[in-house]
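Okay, so here's the structure we're looking at.
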Amino acid sequence: MEVKPSFTPGLKLIIEFPSIFNNKFNSYFRGYKQNQYVILDHPMHNNLRVQLNEGIVCMIRFIETGKACGFMSEIIGLVTRPYPLLFLKYPATIESSNLRSE
């Protein structure tokens with residue numbers, strides 16, 4: 001089922017980079033511009049920023065209003081100062097599934 005996201009700032013998410021890492025990383029939504037980009041905290045591993053570049057495809061998963069949601073995207077920019085952030089392409093579709101049947 002496709003949903004319209006709110007991308008609430010501070011919402012916790014899991015980010016995966018299937019083509020380069022087997023790990024899943026925690027991050028948080030920080031903002032977005034509809035149909036253009038989504039901003040996330042740069043993922044960390046052992047207190048170090050995960051080494052990433054523009055063009056890397058990623059999978060984003062999060063829980064919102066009782067639904068497990070996810071989408072594929074691509075890194076379109078990285079900022080290191082004043083805070084490390086990732087800019088992703090705004091998703092064309094977001095898939096969701098109810099966490100409970102009732």
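Residue names in the structure tokens use chain letters A, B, ... in the order shown, residue numbers from 1 in each chain, and ligand numbers from 1 in the order shown.
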Open item on the list: List as number ranges by chain the protein and nucleic acid residues near Gly55 of chain A, meaning an atom at most 8 Å away when only C-alpha atoms are counted, but skip any in the same chain fewer than 2 places from it.
Closed with: A: 53, 57, 74-76
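Residues in contact with Leu99 of chain A at 9 Å, where only C-alpha atoms are counted and same-chain residues fewer than 6 positions away are skipped, are listed as Ile63, Gly66, Lys67 and Ala68 of chain A.
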Output for the residues just chosen: N, CA, C and O atoms as a CSV table (one decimal), in the first residue's frame:
```csv
chain,number,residue,atom,x,y,z
A,63,ILE,N,8.8,3.6,11.1
A,63,ILE,CA,7.4,3.3,11.6
A,63,ILE,C,6.7,4.6,11.8
A,63,ILE,O,7.2,5.5,12.5
A,66,GLY,N,1.5,3.5,13.2
A,66,GLY,CA,1.1,2.1,13.2
A,66,GLY,C,1.4,1.4,12.0
A,66,GLY,O,1.0,0.2,11.8
A,67,LYS,N,2.2,1.9,11.1
A,67,LYS,CA,2.6,1.3,9.8
A,67,LYS,C,4.1,1.2,9.7
A,67,LYS,O,4.8,2.2,10.0
A,68,ALA,N,4.6,0.1,9.2
A,68,ALA,CA,6.0,0.0,8.8
A,68,ALA,C,6.1,0.5,7.4
A,68,ALA,O,5.3,0.1,6.5
```
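Shortest separation to Pro84 of chain A among A:Tyr37, A:Tyr28, A:Phe71, A:Phe21 occurs at residue A:Tyr28, atoms counted being only C-alpha atoms.
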TODO: Please identify all polymer residues within 12 Å of Val79 of chain A, counting only C-alpha atoms, omitting same-chain residues fewer than 3 positions from it, and present them as a list of chain:residue names.
DONE: A:Ile39, A:Leu40, A:Asp41, A:His42, A:Arg49, A:Leu52, A:Asn53, A:Glu54, A:Ile75, A:Ile76, A:Pro82, A:Tyr83, A:Pro84, A:Leu85, A:Leu86, A:Phe87, A:Leu88
Open item on the list: Using only C-alpha atoms, can you tell me which of A:Asn46, A:Thr65, A:Thr8, A:Thr80 comes closest to Tyr32 of chain A?
Closed with: A:Thr8
- [ ] Measuring atom to atom with only C-alpha atoms, identify which of A:Ala92, A:Leu78, A:Ile60, A:Leu11 is nearest to Asn35 of chain A.
- [x] A:Ala92
TODO: Using DSSP on the backbone coordinates, identify all residues within chain A classified as strand (DSSP E); present the result as a VMD selection string.
DONE: chain A and resid 12 to 16 24 to 33 37 to 41 44 to 45 48 to 49 57 to 64 67 to 79 85 to 89 95 to 98
- [ ] Just the residues within 8 Å of Ser27 of chain A, please, counting only C-alpha atoms, with nothing from its chain fewer than 2 positions along; format it as JSON, numbers by chain.
- [x] {"A": [12, 13, 14, 15, 25, 29, 40, 41, 42, 43]}
Put those residues in a file: N, CA and C atoms, as a PDB file, in the first residue's frame.
```
ATOM      1  N   LYS A  12      12.742   8.564  14.031  1.00  0.00           N
ATOM      2  CA  LYS A  12      13.835   7.598  13.900  1.00  0.00           C
ATOM      3  C   LYS A  12      13.607   6.708  12.688  1.00  0.00           C
ATOM      4  N   LEU A  13      14.706   6.333  12.013  1.00  0.00           N
ATOM      5  CA  LEU A  13      14.631   5.458  10.852  1.00  0.00           C
ATOM      6  C   LEU A  13      15.838   4.536  10.805  1.00  0.00           C
ATOM      7  N   ILE A  14      15.731   3.544   9.956  1.00  0.00           N
ATOM      8  CA  ILE A  14      16.832   2.626   9.660  1.00  0.00           C
ATOM      9  C   ILE A  14      17.215   2.860   8.211  1.00  0.00           C
ATOM     10  N   ILE A  15      18.511   2.990   7.959  1.00  0.00           N
ATOM     11  CA  ILE A  15      18.994   3.184   6.599  1.00  0.00           C
ATOM     12  C   ILE A  15      19.946   2.041   6.250  1.00  0.00           C
ATOM     13  N   PHE A  25      21.900   1.003   9.696  1.00  0.00           N
ATOM     14  CA  PHE A  25      22.316   2.127  10.519  1.00  0.00           C
ATOM     15  C   PHE A  25      21.103   2.919  10.975  1.00  0.00           C
ATOM     16  N   PHE A  29      15.006  11.597  10.466  1.00  0.00           N
ATOM     17  CA  PHE A  29      14.561  12.589   9.500  1.00  0.00           C
ATOM     18  C   PHE A  29      14.805  13.969  10.085  1.00  0.00           C
ATOM     19  N   LEU A  40      18.395  13.756   6.140  1.00  0.00           N
ATOM     20  CA  LEU A  40      18.597  12.831   7.266  1.00  0.00           C
ATOM     21  C   LEU A  40      19.899  13.163   7.972  1.00  0.00           C
ATOM     22  N   ASP A  41      19.993  12.770   9.248  1.00  0.00           N
ATOM     23  CA  ASP A  41      21.296  12.791   9.912  1.00  0.00           C
ATOM     24  C   ASP A  41      22.206  11.799   9.192  1.00  0.00           C
ATOM     25  N   HIS A  42      23.474  12.150   9.060  1.00  0.00           N
ATOM     26  CA  HIS A  42      24.453  11.234   8.474  1.00  0.00           C
ATOM     27  C   HIS A  42      24.601  10.047   9.424  1.00  0.00           C
ATOM     28  N   PRO A  43      24.464   8.812   8.938  1.00  0.00           N
ATOM     29  CA  PRO A  43      24.585   7.652   9.839  1.00  0.00           C
ATOM     30  C   PRO A  43      25.999   7.513  10.403  1.00  0.00           C
TER      31      PRO A  43
END
```
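Nearest residue to Phe17 of chain A, choosing from A:Leu48, A:Val38, A:Cys69, A:Ile56 and counting only C-alpha atoms: A:Ile56.
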